[in-house]
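Pasting model.csv here (CSV, C-alpha atoms and all ligand atoms):
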```
chain,number,residue,atom,x,y,z
A,219,MET,CA,17.8,5.8,-5.5
A,220,ALA,CA,17.0,4.5,-2.0
A,221,LEU,CA,15.1,1.2,-1.9
A,222,LEU,CA,13.5,2.3,1.4
A,223,ALA,CA,12.9,5.9,2.5
A,224,VAL,CA,11.3,6.5,5.9
A,225,GLU,CA,10.3,10.2,6.4
A,226,GLY,CA,9.1,11.7,9.7
A,227,VAL,CA,7.3,8.5,10.8
A,228,CYS,CA,5.5,8.7,14.2
A,229,LYS,CA,3.5,6.2,16.3
A,230,ALA,CA,2.1,6.9,19.8
A,231,PHE,CA,0.5,4.5,22.3
A,232,GLY,CA,-1.5,6.9,24.4
A,233,SER,CA,0.9,9.5,25.7
A,234,LEU,CA,4.0,7.3,24.9
A,235,LYS,CA,5.7,8.4,21.7
A,236,ALA,CA,7.1,4.9,20.7
A,237,VAL,CA,8.4,6.2,17.3
A,238,ASP,CA,8.9,9.9,17.1
A,239,GLU,CA,9.8,11.7,13.8
A,240,VAL,CA,12.1,9.0,12.5
A,241,SER,CA,13.7,9.4,9.1
A,242,PHE,CA,16.3,7.4,7.2
A,243,THR,CA,17.0,5.8,3.9
A,244,VAL,CA,18.4,2.3,2.9
A,245,ALA,CA,20.3,1.9,-0.3
A,246,PRO,CA,19.8,-1.3,-2.5
A,247,GLY,CA,22.3,-4.1,-1.6
A,248,GLU,CA,23.4,-2.8,1.8
A,249,ILE,CA,23.1,-4.2,5.3
A,250,PHE,CA,21.6,-1.4,7.4
A,251,GLY,CA,21.8,-1.8,11.2
A,252,ILE,CA,19.3,-0.4,13.7
A,253,ALA,CA,20.5,-0.3,17.4
A,254,GLY,CA,19.1,1.2,20.5
A,255,PRO,CA,18.3,0.2,24.1
A,256,ASN,CA,15.3,-1.9,25.0
A,257,GLY,CA,12.1,0.0,24.5
A,258,SER,CA,13.6,2.6,22.1
A,259,GLY,CA,11.1,1.8,19.4
A,260,LYS,CA,13.0,-0.6,17.1
A,261,SER,CA,10.4,-3.3,16.8
A,262,THR,CA,7.6,-0.7,16.5
A,263,LEU,CA,9.5,0.9,13.6
A,264,PHE,CA,9.5,-2.5,11.8
A,265,ASN,CA,5.8,-2.9,12.6
A,266,LEU,CA,5.1,0.5,11.0
A,267,ILE,CA,7.2,-0.2,7.8
A,268,THR,CA,5.6,-3.6,7.2
A,269,GLY,CA,2.0,-2.7,8.3
A,270,ILE,CA,2.1,-5.7,10.7
A,271,PRO,CA,0.1,-5.0,12.8
A,272,PHE,CA,-0.3,-1.3,12.4
A,273,ALA,CA,0.4,1.8,10.2
A,274,PRO,CA,2.2,5.0,11.4
A,275,ASP,CA,0.1,7.9,12.8
A,276,ARG,CA,2.0,10.2,10.6
A,277,GLY,CA,4.9,10.2,8.1
A,278,ARG,CA,5.7,8.7,4.7
A,279,ILE,CA,7.3,5.4,3.8
A,280,VAL,CA,8.4,4.8,0.2
A,281,PHE,CA,9.5,1.3,-0.8
A,282,ASP,CA,11.0,0.7,-4.2
A,283,GLY,CA,9.1,3.7,-5.6
A,284,ASP,CA,5.7,2.9,-3.9
A,285,ASP,CA,4.1,4.8,-1.0
A,286,ILE,CA,3.4,2.0,1.4
A,287,GLN,CA,2.3,3.7,4.6
A,288,GLY,CA,-1.2,2.5,5.5
A,289,LYS,CA,-1.3,-0.4,3.0
A,290,PRO,CA,-2.3,-3.8,4.4
A,291,GLY,CA,0.6,-6.0,5.5
A,292,HIS,CA,0.1,-8.7,2.8
A,293,ALA,CA,0.2,-6.0,0.0
A,294,ILE,CA,3.4,-4.6,1.4
A,295,ALA,CA,4.9,-8.1,1.6
A,296,ARG,CA,4.0,-8.8,-2.0
A,297,LEU,CA,5.8,-5.7,-3.1
A,298,GLY,CA,9.0,-7.5,-1.9
A,299,LEU,CA,9.3,-6.5,1.7
A,300,ALA,CA,9.7,-9.4,4.1
A,301,ARG,CA,10.3,-9.5,7.8
A,302,THR,CA,11.1,-11.8,10.7
A,303,PHE,CA,9.9,-11.2,14.3
A,304,GLN,CA,11.8,-10.8,17.5
A,305,ARG,CA,10.1,-13.8,19.0
A,306,GLU,CA,10.2,-17.0,17.0
A,307,THR,CA,6.9,-17.0,15.0
A,308,SER,CA,5.7,-19.9,13.0
A,309,PHE,CA,2.5,-22.0,12.4
A,310,ASP,CA,3.4,-24.5,15.1
A,311,GLY,CA,0.9,-27.1,14.1
A,312,LEU,CA,2.3,-27.2,10.5
A,313,THR,CA,5.5,-28.9,9.3
A,314,MET,CA,8.6,-27.0,8.6
A,315,PHE,CA,8.1,-27.5,4.9
A,316,GLU,CA,4.4,-26.3,5.1
A,317,ASN,CA,5.5,-23.2,6.9
A,318,VAL,CA,8.0,-22.2,4.3
A,319,LEU,CA,5.6,-23.1,1.5
A,320,ILE,CA,3.2,-20.5,2.8
A,321,GLY,CA,5.9,-17.9,2.3
A,322,ALA,CA,6.8,-19.3,-1.1
A,323,SER,CA,3.2,-19.3,-2.4
A,324,TYR,CA,1.2,-16.7,-0.5
A,325,GLY,CA,4.1,-14.2,-0.6
A,326,LYS,CA,4.4,-14.7,-4.4
A,327,PRO,CA,0.9,-15.6,-5.6
A,328,ASP,CA,1.8,-15.7,-9.3
A,329,ARG,CA,4.2,-18.6,-8.9
A,330,ALA,CA,3.1,-22.1,-10.0
A,331,ALA,CA,2.7,-24.7,-7.2
A,332,ALA,CA,5.7,-26.7,-8.3
A,333,ALA,CA,7.9,-23.6,-8.4
A,334,ALA,CA,6.7,-22.7,-4.9
A,335,ARG,CA,7.6,-26.1,-3.6
A,336,ASP,CA,11.1,-25.9,-5.2
A,337,ALA,CA,11.6,-22.4,-3.6
A,338,ALA,CA,10.5,-23.7,-0.2
A,339,ALA,CA,12.9,-26.6,-0.3
A,340,GLU,CA,15.8,-24.4,-1.6
A,341,ALA,CA,15.2,-21.9,1.2
A,342,LEU,CA,15.1,-24.6,3.9
A,343,GLU,CA,18.4,-26.0,2.6
A,344,PHE,CA,19.9,-22.6,2.3
A,345,VAL,CA,19.4,-21.9,6.0
A,346,GLY,CA,20.9,-25.2,6.9
A,347,LEU,CA,17.8,-27.2,7.8
A,348,GLU,CA,18.2,-30.8,6.6
A,349,SER,CA,15.7,-32.3,4.1
A,350,ARG,CA,15.0,-35.3,6.3
A,351,SER,CA,13.6,-33.0,9.0
A,352,PHE,CA,11.3,-31.1,6.6
A,353,GLY,CA,8.3,-33.1,7.9
A,354,ARG,CA,8.8,-32.1,11.6
A,355,LEU,CA,6.3,-29.9,13.2
A,356,ALA,CA,7.5,-26.3,13.7
A,357,GLY,CA,6.4,-26.3,17.3
A,358,GLU,CA,8.8,-29.0,18.1
A,359,LEU,CA,12.0,-27.2,17.0
A,360,SER,CA,14.7,-25.7,19.1
A,361,VAL,CA,14.9,-21.9,19.3
A,362,PHE,CA,17.7,-21.7,16.8
A,363,ASP,CA,16.0,-24.0,14.3
A,364,ARG,CA,12.8,-21.9,14.7
A,365,LYS,CA,14.7,-18.7,13.9
A,366,CYS,CA,16.2,-20.5,10.8
A,367,LEU,CA,12.7,-21.6,9.8
A,368,MET,CA,11.4,-18.0,10.1
A,369,LEU,CA,14.3,-16.8,8.0
A,370,ALA,CA,13.7,-19.5,5.4
A,371,THR,CA,10.0,-18.6,5.2
A,372,ALA,CA,10.9,-15.0,4.5
A,373,ILE,CA,13.6,-15.9,1.9
A,374,ALA,CA,11.2,-18.2,0.1
A,375,MET,CA,9.2,-15.1,-0.7
A,376,GLU,CA,12.2,-13.9,-2.7
A,377,PRO,CA,11.9,-10.4,-1.2
A,378,LYS,CA,13.9,-7.4,-2.4
A,379,MET,CA,14.3,-6.4,1.3
A,380,LEU,CA,14.3,-8.3,4.5
A,381,LEU,CA,13.8,-6.8,7.9
A,382,LEU,CA,15.4,-8.9,10.7
A,383,ASP,CA,14.3,-8.2,14.3
A,384,GLU,CA,17.0,-9.3,16.8
A,385,PRO,CA,18.0,-12.5,15.0
A,386,ALA,CA,20.7,-13.2,17.6
A,387,SER,CA,18.6,-12.9,20.7
A,388,SER,CA,18.7,-15.9,23.1
A,389,LEU,CA,21.3,-17.7,20.9
A,390,THR,CA,24.6,-19.3,22.0
A,391,ARG,CA,27.9,-17.9,20.8
A,392,PRO,CA,28.4,-20.6,18.1
A,393,GLU,CA,24.8,-20.1,16.9
A,394,ILE,CA,25.4,-16.3,16.7
A,395,GLU,CA,28.5,-17.0,14.5
A,396,THR,CA,26.4,-19.2,12.3
A,397,SER,CA,23.7,-16.5,12.1
A,398,ILE,CA,26.2,-13.9,11.1
A,399,GLY,CA,27.4,-16.1,8.2
A,400,LEU,CA,23.8,-16.8,7.2
A,401,ILE,CA,22.9,-13.1,7.1
A,402,ARG,CA,26.0,-12.4,5.0
A,403,ARG,CA,25.0,-15.2,2.6
A,404,THR,CA,21.4,-13.8,2.5
A,405,ALA,CA,22.7,-10.4,1.5
A,406,ALA,CA,24.9,-12.1,-1.1
A,407,ARG,CA,21.7,-13.4,-2.8
A,408,GLY,CA,20.9,-9.7,-3.6
A,409,ILE,CA,18.5,-9.2,-0.7
A,410,THR,CA,18.9,-5.8,1.0
A,411,ILE,CA,18.8,-6.2,4.8
A,412,VAL,CA,17.7,-4.0,7.7
A,413,LEU,CA,18.9,-5.6,10.9
A,414,ILE,CA,17.8,-4.7,14.4
A,415,GLU,CA,20.1,-5.7,17.2
A,416,HIS,CA,20.8,-4.3,20.6
A,417,VAL,CA,24.2,-6.1,20.8
A,418,LEU,CA,26.4,-3.5,19.0
A,419,THR,CA,29.3,-5.9,18.2
A,420,PHE,CA,26.9,-8.0,16.1
A,421,LEU,CA,25.7,-5.0,14.2
A,422,MET,CA,29.3,-3.6,13.8
A,423,SER,CA,30.5,-6.8,12.1
A,424,LEU,CA,27.7,-6.7,9.5
A,425,SER,CA,26.3,-3.2,8.8
A,426,GLN,CA,27.5,-0.6,6.3
A,427,HIS,CA,25.3,2.0,8.0
A,428,LEU,CA,24.0,2.3,11.5
A,429,LEU,CA,21.0,4.1,13.0
A,430,VAL,CA,20.6,4.4,16.8
A,431,LEU,CA,17.2,5.0,18.3
A,432,ASN,CA,16.6,6.3,21.9
A,433,GLN,CA,13.2,6.9,23.3
A,434,GLY,CA,11.6,6.7,19.8
A,435,ARG,CA,13.9,9.3,18.3
A,436,VAL,CA,17.0,9.0,16.0
A,437,LEU,CA,20.0,9.6,18.3
A,438,ALA,CA,22.7,9.1,15.7
A,439,ALA,CA,23.1,7.8,12.2
A,440,GLY,CA,26.0,7.1,9.8
A,441,GLU,CA,29.1,5.0,9.5
A,442,PRO,CA,29.2,2.4,12.3
A,443,ALA,CA,32.6,3.3,13.6
A,444,THR,CA,31.6,7.0,13.9
A,445,VAL,CA,28.2,6.3,15.4
A,446,ILE,CA,29.4,4.1,18.2
A,447,ALA,CA,32.1,6.6,19.1
A,448,ASP,CA,29.4,9.2,19.5
A,449,GLU,CA,29.2,10.4,23.1
A,450,ARG,CA,25.3,10.4,23.0
A,451,VAL,CA,25.3,6.8,21.9
A,452,ILE,CA,27.7,5.7,24.6
A,453,GLU,CA,25.5,7.6,27.2
A,454,ALA,CA,22.3,6.0,26.0
A,455,TYR,CA,23.9,2.5,26.2
A,456,LEU,CA,26.0,2.9,29.3
A,457,GLY,CA,24.2,5.6,31.1
A,458,THR,CA,27.5,7.5,31.7
A,459,ARG,CA,27.1,11.2,32.4
A,460,ARG,CA,28.7,13.7,30.0
A,461,ALA,CA,30.6,15.2,32.9
A,462,ALA,CA,32.0,11.8,33.9
A,463,ALA,CA,33.1,11.2,30.3
B,501,LIG,N1,1.3,-2.5,20.9
B,501,LIG,C1,1.8,-1.7,21.8
B,501,LIG,N2,1.0,-1.1,22.7
B,501,LIG,C2,1.4,-0.3,23.6
B,501,LIG,N3,2.8,0.0,23.8
B,501,LIG,C3,3.6,-0.6,23.0
B,501,LIG,C4,3.2,-1.5,21.9
B,501,LIG,N4,4.3,-1.9,21.2
B,501,LIG,C5,5.3,-1.3,21.8
B,501,LIG,N5,4.9,-0.5,22.8
B,501,LIG,C6,5.8,0.4,23.7
B,501,LIG,O1,6.6,1.2,22.8
B,501,LIG,C7,7.9,1.3,23.2
B,501,LIG,C8,8.9,0.8,22.2
B,501,LIG,O2,8.7,-0.6,22.1
B,501,LIG,P1,9.5,-1.5,21.1
B,501,LIG,O3,9.3,-0.9,19.7
B,501,LIG,O4,9.1,-2.9,21.3
B,501,LIG,O5,11.0,-1.3,21.5
B,501,LIG,P2,12.4,-2.1,21.2
B,501,LIG,O6,12.1,-3.1,20.1
B,501,LIG,O7,13.4,-1.0,20.8
B,501,LIG,O8,12.8,-2.8,22.4
B,501,LIG,C9,8.0,0.5,24.6
B,501,LIG,O9,7.8,1.5,25.6
B,501,LIG,C10,6.9,-0.4,24.5
B,501,LIG,O10,6.4,-0.8,25.7
B,502,MG,MG,12.2,-5.1,19.9
```
Can you turn what I pasted into structure tokens?
Amino acid sequence: MALLAVEGVCKAFGSLKAVDEVSFTVAPGEIFGIAGPNGSGKSTLFNLITGIPFAPDRGRIVFDGDDIQGKPGHAIARLGLARTFQRETSFDGLTMFENVLIGASYGKPDRAAAAARDAAAEALEFVGLESRSFGRLAGELSVFDRKCLMLATAIAMEPKMLLLDEPASSLTRPEIETSIGLIRRTAARGITIVLIEHVLTFLMSLSQHLLVLNQGRVLAAGEPATVIADERVIEAYLGTRRAAA
């Protein structure tokens, strides 16, 4: 059974159909990639799935057997669905440790305080942030460290599924290599991953299935090698005309 099933989901902003009749399923344990040019609706799709900050206009979203469309964001998160944001997002005036502790305790409210602190420390170490820097303010960190912090905050919730929105954007090549390793190790913890990225090579190296969006609609879906060979995908990315191809 699919861990996540998205069925005919739509979201319009005025006359703009940002997400238009999108359907797909994600199996437990996989890394599922979502690609598409800028403005194709990728981040909006994550917003609709997580309820942060809005629900779909239409369509159904089933996560781990529960209908979640229209539920508040915190309720969806507590069912085991975590996300990161395209732009580094943290409580800048709190320390690294305090940020991750919010994920560890608020995301899993039944956990005792000591267990939440242990989970927070473990998640920070897991993403490679050193324990002597746990007291630094989030707002003082580099872009890469802030992305790692956001990932640690999500992992500390011990989610079943994690949605990552362009985790490689504005990173250097060595940082991207580190990120690829980190995403693989996160999946190896048993967390199912849905990964948005507009750099196809990054997605190709990680994903078992690929969905390509264009102007809010599903352009192609399936095995990565087949999807990127699809003429419509090449056209959407490179703007080549069919005739020229
Ligand atoms: N909150 C919003 N209000 C109005 N338009 C939006 C909003 N969020 C996204 N859009 C528009 O929806 C389209 C899809 O945006 P987005 O999902 O961010 O694309 P992507 O993540 O694929 O680059 C864009 O045209 C964008 O300008
Ligand atoms: Mg986006």
Discussion item. Under the rule that all atoms listed in the file are counted, which of A:Gly457, A:Gly232, A:Gly298, A:Gly353 is the nearest residue to ligand LIG 501 (chain B)?
Written reply: A:Gly232
All residues within 10 Å of ligand MG 502 (chain B) are required, counting all atoms listed in the file; please report them as a short mmCIF file (atom, residue, chain, number, x, y, z; two decimals) with C-alpha atoms, in the coordinates of the input.
```cif
data_model
loop_
_atom_site.label_atom_id
_atom_site.label_comp_id
_atom_site.auth_asym_id
_atom_site.auth_seq_id
_atom_site.Cartn_x
_atom_site.Cartn_y
_atom_site.Cartn_z
CA ALA A 253 20.50 -0.30 17.40
CA GLY A 254 19.10 1.20 20.50
CA PRO A 255 18.30 0.20 24.10
CA ASN A 256 15.30 -1.90 25.00
CA GLY A 257 12.10 0.00 24.50
CA SER A 258 13.60 2.60 22.10
CA GLY A 259 11.10 1.80 19.40
CA LYS A 260 13.00 -0.60 17.10
CA SER A 261 10.40 -3.30 16.80
CA THR A 262 7.60 -0.70 16.50
CA LEU A 263 9.50 0.90 13.60
CA PHE A 264 9.50 -2.50 11.80
CA ASN A 265 5.80 -2.90 12.60
CA PHE A 303 9.90 -11.20 14.30
CA GLN A 304 11.80 -10.80 17.50
CA ARG A 305 10.10 -13.80 19.00
CA ASP A 383 14.30 -8.20 14.30
CA GLU A 384 17.00 -9.30 16.80
CA ILE A 414 17.80 -4.70 14.40
CA GLU A 415 20.10 -5.70 17.20
CA HIS A 416 20.80 -4.30 20.60
#
```
Worksheet item: By how many Å are atom CA of A:Gly325 and atom CA of A:Val345 apart?
Response: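 About the pair atom CA of A:Gly325 and atom CA of A:Val345: they are 18.4 Å apart.
Comparing the minimum interatomic distances between ligand LIG 501 (chain B) and each of A:Gln433, A:Ser241, A:Ser397, A:Gln287, counting all atoms listed in the file, we find that A:Gln433 sits nearest.
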Fill in: Within 10 Å of stretch 274-279 of chain A using all atoms listed in the file, minus same-chain residues under 6 positions, as a list in words
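So the residues in contact are Leu222, Ala223, Val224, Glu225, Gly226, Val227, Cys228, Lys229, Ala230, Val237, Asp238, Glu239, Val240, Ser241, Phe242, Thr243, Thr262, Leu263, Asn265, Leu266, Ile267, Thr268, Asp285, Ile286, Gln287 and Gly288 of chain A.
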Discussion item. Given all atoms listed in the file as the basis, pick out the residue of A:Leu221, A:Ala374, A:Ala454, A:Leu424 nearest to A:Ala438.
Written reply: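 Under the stated criterion, the closest residue is A:Ala454.
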Discussion item. Please report the interatomic distance between atom CA of A:Val417 and atom CA of A:Ala386 in Å with one decimal.
Written reply: 8.5 Å
Discussion item. Counting only C-alpha atoms and all ligand atoms, which residue out of A:Ile446, A:Leu234, A:Leu312, A:Ala333 sits closest to ligand LIG 501 (chain B)?
Written reply: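 Among the listed residues, A:Leu234 lies closest to ligand LIG 501 (chain B).
The nearest approach to ligand LIG 501 (chain B) among the residues A:Ile252, A:Ala300, A:Ala220, A:Ala338, with only C-alpha atoms and all ligand atoms taken into account, belongs to A:Ile252.
For the choices A:Ala341, A:Val445, A:Leu382, A:Ala439, the atom-to-atom distance to ligand LIG 501 (chain B) is smallest for A:Leu382 when using all atoms listed in the file.
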Worksheet item: Any idea what the distance is between atom CA of A:Leu297 and atom CA of A:Ile409?
Response: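 Distance between the two atoms: 13.4 Å.
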